[in-house]
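Novice: Below is run16.cif; it holds mmCIF, C-alpha atoms and all ligand atoms.
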data_final
loop_
_atom_site.label_atom_id
_atom_site.label_comp_id
_atom_site.auth_asym_id
_atom_site.auth_seq_id
_atom_site.Cartn_x
_atom_site.Cartn_y
_atom_site.Cartn_z
CA MET A 1 107.76 61.90 144.96
CA ASN A 2 105.53 60.51 142.22
CA GLU A 3 103.61 62.58 139.68
CA LEU A 4 99.95 62.87 140.55
CA GLY A 5 97.11 62.62 138.07
CA ARG A 6 96.03 65.86 136.38
CA LEU A 7 92.54 67.22 135.89
CA GLU A 8 92.99 66.81 132.12
CA ASP A 9 93.58 63.07 132.69
CA LEU A 10 89.97 62.67 133.80
CA PRO A 11 87.01 62.35 131.40
CA ALA A 12 85.40 65.76 130.92
CA ASP A 13 81.90 64.42 131.59
CA TYR A 14 83.11 62.92 134.90
CA VAL A 15 84.54 66.29 136.01
CA GLU A 16 81.28 67.93 134.93
CA GLN A 17 79.26 65.46 137.03
CA LEU A 18 81.44 66.23 140.03
CA ARG A 19 81.15 69.98 139.56
CA ALA A 20 77.37 69.80 139.31
CA LEU A 21 77.39 68.33 142.83
CA ASN A 22 79.98 70.83 144.13
CA LEU A 23 82.64 68.14 144.28
CA VAL A 24 86.31 68.49 143.32
CA PRO A 25 89.03 65.83 143.03
CA LEU A 26 91.88 66.60 145.42
CA TRP A 27 94.83 64.92 143.68
CA PRO A 28 95.26 67.40 140.78
CA SER A 29 95.64 70.25 143.31
CA LEU A 30 97.35 68.45 146.18
CA ARG A 31 100.92 69.57 145.36
CA ALA A 32 99.82 73.18 144.93
CA VAL A 33 98.23 73.40 148.38
CA LEU A 34 100.92 71.26 150.01
CA PRO A 35 104.21 71.94 148.22
CA PRO A 36 107.22 69.81 149.16
CA GLY A 37 109.71 71.02 151.79
CA GLN A 38 108.58 74.57 152.24
CA PRO A 39 105.75 76.91 151.27
CA ARG A 40 105.63 78.76 147.95
CA PRO A 41 104.71 82.22 149.19
CA ASN A 42 102.90 84.75 147.01
CA THR A 43 104.56 87.44 149.11
CA ARG A 44 107.41 88.92 147.09
CA ALA A 45 110.29 90.86 148.56
CA THR A 46 109.22 94.42 147.76
CA ALA A 47 110.48 97.88 148.73
CA TRP A 48 108.65 101.22 148.78
CA SER A 49 110.67 104.43 148.60
CA TYR A 50 109.34 107.26 150.76
CA GLN A 51 110.93 109.85 148.53
CA ALA A 52 109.07 108.38 145.55
CA LEU A 53 105.67 108.02 147.24
CA ARG A 54 105.67 111.27 149.26
CA PRO A 55 104.81 113.65 146.37
CA LEU A 56 102.01 111.28 145.28
CA LEU A 57 100.63 111.19 148.82
CA LEU A 58 100.71 115.00 149.03
CA LYS A 59 98.99 115.10 145.63
CA ALA A 60 96.23 112.91 147.09
CA GLY A 61 95.82 115.69 149.65
CA GLU A 62 95.04 118.09 146.78
CA LEU A 63 92.91 115.68 144.78
CA THR A 64 90.74 114.22 147.52
CA PRO A 65 89.40 116.15 150.51
CA ILE A 66 89.45 114.20 153.78
CA GLU A 67 85.63 114.08 153.82
CA LYS A 68 85.77 112.11 150.55
CA ALA A 69 88.45 109.74 151.80
CA GLU A 70 87.75 109.23 155.52
CA ARG A 71 91.32 107.91 155.68
CA ARG A 72 93.66 109.33 153.01
CA VAL A 73 96.02 106.46 152.42
CA LEU A 74 98.25 105.07 149.69
CA VAL A 75 98.44 101.33 150.25
CA LEU A 76 101.84 99.62 150.01
CA ALA A 77 100.66 96.63 147.99
CA ASN A 78 102.68 93.53 147.23
CA PRO A 79 102.59 92.66 143.51
CA GLY A 80 102.94 88.98 144.39
CA HIS A 81 99.43 89.05 145.88
CA GLY A 82 98.01 91.32 143.15
CA LEU A 83 97.85 95.05 143.90
CA GLU A 84 94.06 95.07 144.32
CA LYS A 85 94.37 92.71 147.30
CA MET A 86 96.11 95.50 149.28
CA GLN A 87 98.36 93.01 151.08
CA ALA A 88 102.03 93.32 151.99
CA SER A 89 102.05 89.68 153.11
CA ALA A 90 99.48 87.00 153.96
CA ALA A 91 98.53 88.75 157.21
CA ILE A 92 100.03 92.26 156.93
CA TYR A 93 98.50 95.40 155.41
CA LEU A 94 100.66 98.54 155.05
CA GLY A 95 99.59 102.06 154.12
CA MET A 96 101.01 105.58 154.23
CA GLN A 97 98.40 107.97 155.60
CA LEU A 98 98.35 111.76 155.16
CA LEU A 99 96.60 114.18 157.48
CA LEU A 100 96.78 117.91 156.65
CA PRO A 101 96.63 120.73 159.21
CA GLY A 102 93.11 121.21 160.54
CA GLU A 103 91.81 117.96 159.08
CA TRP A 104 89.76 115.44 160.99
CA ALA A 105 89.47 111.69 160.37
CA PRO A 106 86.25 110.70 162.17
CA SER A 107 85.86 108.14 164.92
CA HIS A 108 85.31 104.49 164.11
CA ARG A 109 86.21 101.08 165.40
CA HIS A 110 86.79 97.81 163.60
CA THR A 111 87.80 94.22 164.07
CA PRO A 112 91.29 94.36 162.50
CA ASN A 113 94.08 95.57 164.79
CA ALA A 114 96.11 98.58 163.67
CA VAL A 115 99.27 100.38 164.70
CA ARG A 116 100.67 103.65 163.43
CA MET A 117 104.39 104.39 163.10
CA ILE A 118 104.78 108.15 162.78
CA VAL A 119 106.95 109.09 159.80
CA GLU A 120 106.82 112.85 159.44
CA GLY A 121 105.38 116.02 160.98
CA GLU A 122 104.26 117.28 164.36
CA GLY A 123 100.96 118.41 165.85
CA ALA A 124 98.67 115.51 164.91
CA TYR A 125 97.14 113.09 167.38
CA THR A 126 95.04 109.98 167.49
CA THR A 127 92.43 109.59 170.17
CA VAL A 128 92.13 105.90 171.07
CA ASP A 129 89.49 104.74 173.56
CA GLY A 130 89.34 108.29 174.98
CA GLU A 131 93.13 108.65 175.28
CA LYS A 132 94.64 111.48 173.25
CA CYS A 133 97.93 110.20 171.82
CA PRO A 134 100.18 112.91 170.38
CA MET A 135 102.13 111.84 167.29
CA SER A 136 105.85 112.45 166.93
CA ARG A 137 108.35 110.90 164.58
CA GLY A 138 109.10 107.29 165.50
CA ASP A 139 106.26 106.95 168.03
CA LEU A 140 104.20 103.77 167.86
CA ILE A 141 100.47 104.14 168.60
CA LEU A 142 98.21 101.11 168.93
CA THR A 143 94.59 100.99 167.86
CA PRO A 144 93.74 97.43 168.89
CA THR A 145 90.67 95.54 167.74
CA GLY A 146 87.38 97.09 168.82
CA LEU A 147 88.75 100.37 170.22
CA TRP A 148 87.38 103.69 168.97
CA HIS A 149 89.94 105.82 167.15
CA GLU A 150 89.99 109.14 165.31
CA HIS A 151 92.76 111.42 164.06
CA GLY A 152 93.12 115.22 164.37
CA HIS A 153 95.81 117.73 163.48
CA ASP A 154 96.53 121.03 165.28
CA GLY A 155 99.92 121.63 163.61
CA ASP A 156 100.82 123.56 160.47
CA GLN A 157 102.63 120.95 158.33
CA PRO A 158 101.47 117.71 156.74
CA VAL A 159 101.68 114.65 159.00
CA VAL A 160 102.36 111.21 157.55
CA TRP A 161 102.33 107.86 159.27
CA LEU A 162 102.69 104.20 158.36
CA ASP A 163 99.60 102.13 159.16
CA VAL A 164 100.19 98.43 159.87
CA LEU A 165 97.09 96.25 160.15
CA ASP A 166 96.29 92.54 160.29
CA LEU A 167 93.45 93.31 157.85
CA PRO A 168 94.31 90.62 155.22
CA LEU A 169 93.98 87.89 157.83
CA VAL A 170 90.84 89.25 159.49
CA TYR A 171 89.27 89.81 156.05
CA TYR A 172 90.20 86.25 154.99
CA MET A 173 88.48 85.04 158.15
CA GLU A 174 85.34 86.92 157.02
CA ALA A 175 85.50 88.77 160.32
CA SER A 176 86.31 92.28 159.07
CA TYR A 177 83.83 95.12 159.65
CA HIS A 178 83.68 98.63 161.07
CA VAL A 179 81.29 100.81 163.07
CA ASP A 180 81.20 104.61 162.84
CA GLY A 181 80.87 106.57 166.05
CA PRO A 182 80.54 110.09 167.48
CA ARG A 183 83.54 112.21 168.32
CA GLN A 184 85.15 110.82 171.46
CA THR A 185 85.36 112.64 174.75
CA VAL A 186 88.96 112.68 175.90
CA LYS A 187 89.27 111.03 179.31
CA PRO A 188 91.88 112.67 181.50
CA GLY A 189 94.30 110.58 183.52
CA SER A 190 95.12 107.98 180.89
CA GLY A 191 98.37 107.60 179.00
CA GLU A 192 101.60 105.65 178.99
CA GLY A 193 103.18 107.64 181.83
CA GLY A 194 103.03 104.77 184.34
CA TYR A 195 104.70 102.33 181.96
CA VAL A 196 107.67 104.20 180.52
CA ARG A 197 110.14 103.09 183.19
CA GLY A 198 111.18 99.50 182.65
CA GLY A 199 110.88 97.13 185.61
CA VAL A 200 108.19 98.95 187.54
CA LEU A 201 104.44 98.73 186.98
CA PRO A 202 101.54 100.79 188.26
CA THR A 203 100.06 98.90 191.23
CA PRO A 204 96.54 100.08 192.02
CA VAL A 205 95.67 99.18 195.59
CA PHE A 206 91.92 99.71 195.43
CA THR A 207 91.12 98.98 191.80
CA ARG A 208 92.43 96.63 189.14
CA SER A 209 93.27 97.89 185.70
CA ALA A 210 90.83 95.97 183.52
CA LYS A 211 92.20 97.21 180.23
CA ALA A 212 93.19 94.53 177.72
CA TYR A 213 95.49 97.12 176.09
CA PRO A 214 96.90 99.22 178.94
CA MET A 215 99.57 101.02 176.86
CA LEU A 216 98.57 102.64 173.58
CA ARG A 217 101.50 104.97 172.85
CA TYR A 218 105.16 103.97 172.80
CA PRO A 219 107.21 107.19 172.54
CA TRP A 220 110.22 106.86 170.24
CA ALA A 221 112.46 108.79 172.64
CA GLN A 222 111.99 105.99 175.22
CA THR A 223 112.41 103.13 172.75
CA ARG A 224 115.51 104.72 171.22
CA ALA A 225 117.04 105.27 174.66
CA ALA A 226 116.39 101.60 175.55
CA LEU A 227 118.16 100.42 172.38
CA GLN A 228 121.14 102.69 172.95
CA ALA A 229 121.48 101.62 176.57
CA LEU A 230 121.27 97.95 175.52
CA ALA A 231 123.94 98.45 172.84
CA ALA A 232 126.25 100.30 175.22
CA GLN A 233 125.82 97.80 178.04
CA GLN A 234 126.21 94.66 175.91
CA PRO A 235 128.87 95.32 173.26
CA GLU A 236 128.85 91.63 172.17
CA LEU A 237 125.06 91.48 171.71
CA GLU A 238 124.46 90.63 168.04
CA ALA A 239 120.89 91.82 167.68
CA VAL A 240 120.11 94.99 169.59
CA GLN A 241 116.36 94.63 169.51
CA VAL A 242 113.36 95.35 171.72
CA THR A 243 109.80 94.08 171.37
CA TYR A 244 106.76 96.28 171.86
CA VAL A 245 104.88 94.46 174.61
CA ASN A 246 101.79 94.77 176.73
CA PRO A 247 103.54 95.97 179.92
CA GLU A 248 101.02 94.23 182.19
CA THR A 249 101.53 90.77 180.68
CA GLY A 250 104.89 90.94 178.88
CA ALA A 251 103.19 89.39 175.84
CA HIS A 252 103.26 90.93 172.37
CA ALA A 253 101.43 94.28 172.29
CA GLN A 254 98.82 92.80 169.93
CA ASN A 255 97.49 89.30 169.29
CA ILE A 256 98.25 88.78 165.61
CA LEU A 257 101.24 90.88 164.53
CA GLY A 258 104.50 91.46 166.42
CA TYR A 259 106.28 94.82 166.58
CA TYR A 260 109.96 95.45 167.30
CA ALA A 261 112.60 98.18 167.15
CA LEU A 262 116.11 97.20 166.11
CA MET A 263 119.34 99.16 166.27
CA LEU A 264 122.10 98.32 163.80
CA ARG A 265 125.44 99.43 165.15
CA PRO A 266 127.64 101.53 162.85
CA GLY A 267 128.71 99.25 159.96
CA GLN A 268 126.90 96.23 161.40
CA ALA A 269 125.59 93.41 159.19
CA LEU A 270 123.04 91.12 160.82
CA THR A 271 121.83 87.87 159.26
CA LEU A 272 118.47 86.92 160.74
CA PRO A 273 117.48 83.31 161.34
CA VAL A 274 115.20 81.83 158.68
CA ARG A 275 111.73 81.67 160.22
CA SER A 276 108.19 81.05 159.05
CA PRO A 277 106.61 84.53 159.53
CA ALA A 278 106.80 87.27 156.89
CA MET A 279 108.46 90.51 158.01
CA VAL A 280 108.29 94.24 157.31
CA PHE A 281 111.20 96.65 157.81
CA HIS A 282 110.79 100.42 158.06
CA VAL A 283 113.73 102.78 158.57
CA ILE A 284 113.16 105.20 161.45
CA GLU A 285 116.66 106.67 161.39
CA GLY A 286 119.74 106.19 159.22
CA GLY A 287 120.00 103.92 156.21
CA ALA A 288 120.06 100.17 155.72
CA GLU A 289 120.63 97.59 153.07
CA VAL A 290 118.16 94.73 153.27
CA ARG A 291 118.99 91.49 151.44
CA VAL A 292 116.10 89.09 150.98
CA ALA A 293 117.28 85.81 149.40
CA ASP A 294 119.01 87.04 146.21
CA GLN A 295 117.47 90.53 146.17
CA ALA A 296 118.96 93.63 147.78
CA PHE A 297 117.19 96.88 148.67
CA THR A 298 118.98 100.07 149.66
CA LEU A 299 116.72 101.81 152.14
CA ALA A 300 116.91 105.45 153.20
CA GLU A 301 115.06 107.06 156.09
CA ALA A 302 111.28 106.38 156.00
CA ASP A 303 111.62 103.65 153.36
CA THR A 304 109.80 100.35 153.90
CA CYS A 305 110.24 96.82 152.57
CA CYS A 306 108.82 93.37 153.17
CA ALA A 307 110.19 89.83 153.08
CA PRO A 308 108.25 86.56 152.81
CA GLY A 309 108.62 83.93 155.51
CA TYR A 310 111.05 80.99 155.16
CA THR A 311 113.57 83.35 153.56
CA ALA A 312 117.10 84.44 154.53
CA VAL A 313 117.27 88.13 155.43
CA THR A 314 120.43 90.13 156.06
CA LEU A 315 120.31 93.71 157.36
CA ARG A 316 123.29 96.03 157.02
CA ASN A 317 123.80 99.52 158.36
CA ARG A 318 124.93 101.73 155.47
CA SER A 319 126.79 104.08 157.80
CA ALA A 320 130.14 103.25 159.39
CA SER A 321 129.80 106.02 161.96
CA GLU A 322 126.12 106.28 163.00
CA PRO A 323 123.65 103.69 164.27
CA SER A 324 120.60 102.89 162.17
CA PHE A 325 117.16 102.28 163.70
CA LEU A 326 114.50 100.05 162.15
CA PHE A 327 110.89 99.40 163.01
CA ILE A 328 109.91 95.79 162.31
CA ALA A 329 106.49 94.18 162.04
CA ASP A 330 106.02 90.44 161.62
CA GLU A 331 103.52 87.59 161.88
CA THR A 332 105.18 85.84 164.84
CA PRO A 333 102.31 86.03 167.38
CA LEU A 334 99.95 84.57 164.76
CA HIS A 335 102.28 81.72 163.80
CA THR A 336 103.05 80.96 167.44
CA LYS A 337 99.41 80.87 168.51
CA LEU A 338 98.47 78.66 165.58
CA GLY A 339 101.37 76.30 166.28
CA VAL A 340 102.94 76.73 162.83
CA PHE A 341 105.91 78.89 163.87
CA GLU A 342 109.16 77.48 162.50
CA HIS A 343 112.76 78.44 163.03
CA ARG A 344 115.22 77.07 160.45
CA ASP A 345 118.49 78.47 161.63
CA GLU A 346 121.04 77.18 159.17
CA HIS A 347 123.78 79.20 160.85
CA ARG A 348 123.43 77.97 164.39
CA GLY A 349 121.31 74.84 164.07
C1 LIG A 401 91.80 102.43 159.30
O1 LIG A 401 90.79 102.43 160.17
C2 LIG A 401 92.76 103.42 159.36
O2 LIG A 401 91.84 104.44 161.28
C3 LIG A 401 93.83 103.38 158.47
O3 LIG A 401 93.48 105.42 160.31
C4 LIG A 401 93.91 102.43 157.50
C5 LIG A 401 93.00 100.49 156.42
C6 LIG A 401 92.04 99.55 156.30
C7 LIG A 401 90.99 99.51 157.19
C8 LIG A 401 90.89 100.43 158.19
C9 LIG A 401 92.69 104.49 160.40
C10 LIG A 401 92.93 101.46 157.40
C11 LIG A 401 91.86 101.43 158.30
#
Would you give me this structure, written as structure tokens?
Ligand code: 1HN
Specialist:
Amino acid sequence: MNELGRLEDLPADYVEQLRALNLVPLWPSLRAVLPPGQPRPNTRATAWSYQALRPLLLKAGELTPIEKAERRVLVLANPGHGLEKMQASAAIYLGMQLLLPGEWAPSHRHTPNAVRMIVEGEGAYTTVDGEKCPMSRGDLILTPTGLWHEHGHDGDQPVVWLDVLDLPLVYYMEASYHVDGPRQTVKPGSGEGGYVRGGVLPTPVFTRSAKAYPMLRYPWAQTRAALQALAAQQPELEAVQVTYVNPETGAHAQNILGYYALMLRPGQALTLPVRSPAMVFHVIEGGAEVRVADQAFTLAEADTCCAPGYTAVTLRNRSASEPSFLFIADETPLHTKLGVFEHRDEHRG
């Protein structure tokens, strides 16, 4: 590959003439926007300790009343993008949100899609599109694009959850905005009840479910049971993983980011195939070591880390006697839909 001409190689007055007409020569920047062989991601492998951030999040509860915050969140920002960008990866935003007993986070809707992975506490709920979704540890609650959502808390202890949004992408697209709304009226008769048994679907005879997002709450008890049954039934299965899907279509639960739960068997080490999307790992139960290229993070319960795309990742259960459960978010649906998804499996070809 030959060296390309630099900007400094051009006469200054020529560059000035170009700039005055809003013109830019491509060749000095071509290698930067199109690096050889593989991308040069800004996303850096980064880990966030729950134990370290928890006291600071609780302190935010003392410093800033909910009315002054609307959403009381500490953003898990990737230094490779610059902290002020509030990005974990190119398309993924992560934040830890605190809601105190009796607090209310008012109703709004927005273009970015969000999910919440409940980390700690009982008694809070999110109302999404009129469906009241109780929050318990490990539950996944969707607030897809355009749906009204608000959070309340009837319990007596702080509740914390991990927010995952596709905000960086939607913002980059100049398509990010929100609308405030009145408190929602809870509609009875909605909920995930009809979808929590695998293999059977609600079959309305007289009406068709027109909902783009028919299932909004994925209870951890069900997901955990599915993983354990899978592990028990298929002892040779290397990756004991399930994907959070839209039960009506079988497609990913949301359009841009993918969500998964993975069980590491006691003592298991799992090397993932090298693929184009960036990934986020959050420990629901147990402990894990996450190796990203030449970096290693030791994660305890409720810890979170991210890995750029095109990078080797190995997960290892730190316990030899107990399984470990991880929540994973990645950019697979986005890469697949855009036709840029790549799988570079050096292990299996
Ligand atoms: C949002 O609406 C929530 O509703 C949380 O809880 C975090 C981060 C950026 C933009 C919107 C919420 C958010 C957010």
Novice: Hey, could you make a per-residue contact list for chain A against ligand LIG 401 (chain A) with 8 Å as the cut-off, showing the nearest pair of atoms and its distance in Å to one decimal, counting all atoms listed in the file, sorted by chain and number, as CSV?
Specialist:
residue,atom,partner,partner_atom,distance
A:Arg71,CA,A:LIG401,O3,5.7
A:Val73,CA,A:LIG401,C4,6.8
A:Tyr93,CA,A:LIG401,C5,7.6
A:Gly95,CA,A:LIG401,C4,6.6
A:Gln97,CA,A:LIG401,C3,7.1
A:Ala105,CA,A:LIG401,O3,7.4
A:Ser107,CA,A:LIG401,O2,7.9
A:His108,CA,A:LIG401,O1,7.1
A:Arg109,CA,A:LIG401,O1,7.1
A:His110,CA,A:LIG401,O1,7.0
A:Pro112,CA,A:LIG401,C7,7.4
A:Ala114,CA,A:LIG401,C1,7.2
A:Thr143,CA,A:LIG401,O2,7.9
A:His149,CA,A:LIG401,O2,6.3
A:Glu150,CA,A:LIG401,O2,6.5
A:His151,CA,A:LIG401,O3,7.1
A:Asp163,CA,A:LIG401,C4,5.9
A:Val164,CA,A:LIG401,C4,7.8
A:Leu165,CA,A:LIG401,C5,7.0
A:Leu167,CA,A:LIG401,C6,6.6
A:His178,CA,A:LIG401,C8,8.0
Novice: Considering all atoms listed in the file, can you say which of A:Asn22, A:Ser29, A:Thr64, A:Thr243 comes closest to A:Leu4?
Specialist: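 Answer, going by the shortest atom-to-atom distance: A:Ser29.
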Novice: Quick check, in Å to one decimal: how far apart do atom CA of A:Arg265 and atom CA of A:Val196 lie?
Specialist: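 Answer for the atom CA of A:Arg265 to atom CA of A:Val196 separation: 24.0 Å.
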Novice: So how far away is atom CA of A:His343 from atom CA of A:Pro277, in Å?
Specialist: 9.3 Å
Novice: Nearest residue to A:Phe327 out of A:Leu230, A:Ala278, A:Leu216, A:Ile118, using all atoms listed in the file?
Specialist: A:Ile118
Novice: Please list, as JSON, numbers by chain, the residues that have an atom at most 12 Å away from (114.8, 93.1, 147.7) in the coordinates of this file, counting all atoms listed in the file.
Specialist: {"A": [43, 44, 45, 46, 47, 48, 280, 281, 288, 289, 290, 291, 292, 293, 294, 295, 296, 297, 298, 299, 304, 305, 306, 307, 308, 311, 312, 313, 314, 315]}
Novice: Could you tell me which of A:Pro219, A:Pro204, A:Gly287, A:Gly61 comes closest to A:Glu103 if we count only C-alpha atoms?
Specialist: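 Checking each candidate against A:Glu103, we get A:Gly61 as the closest.
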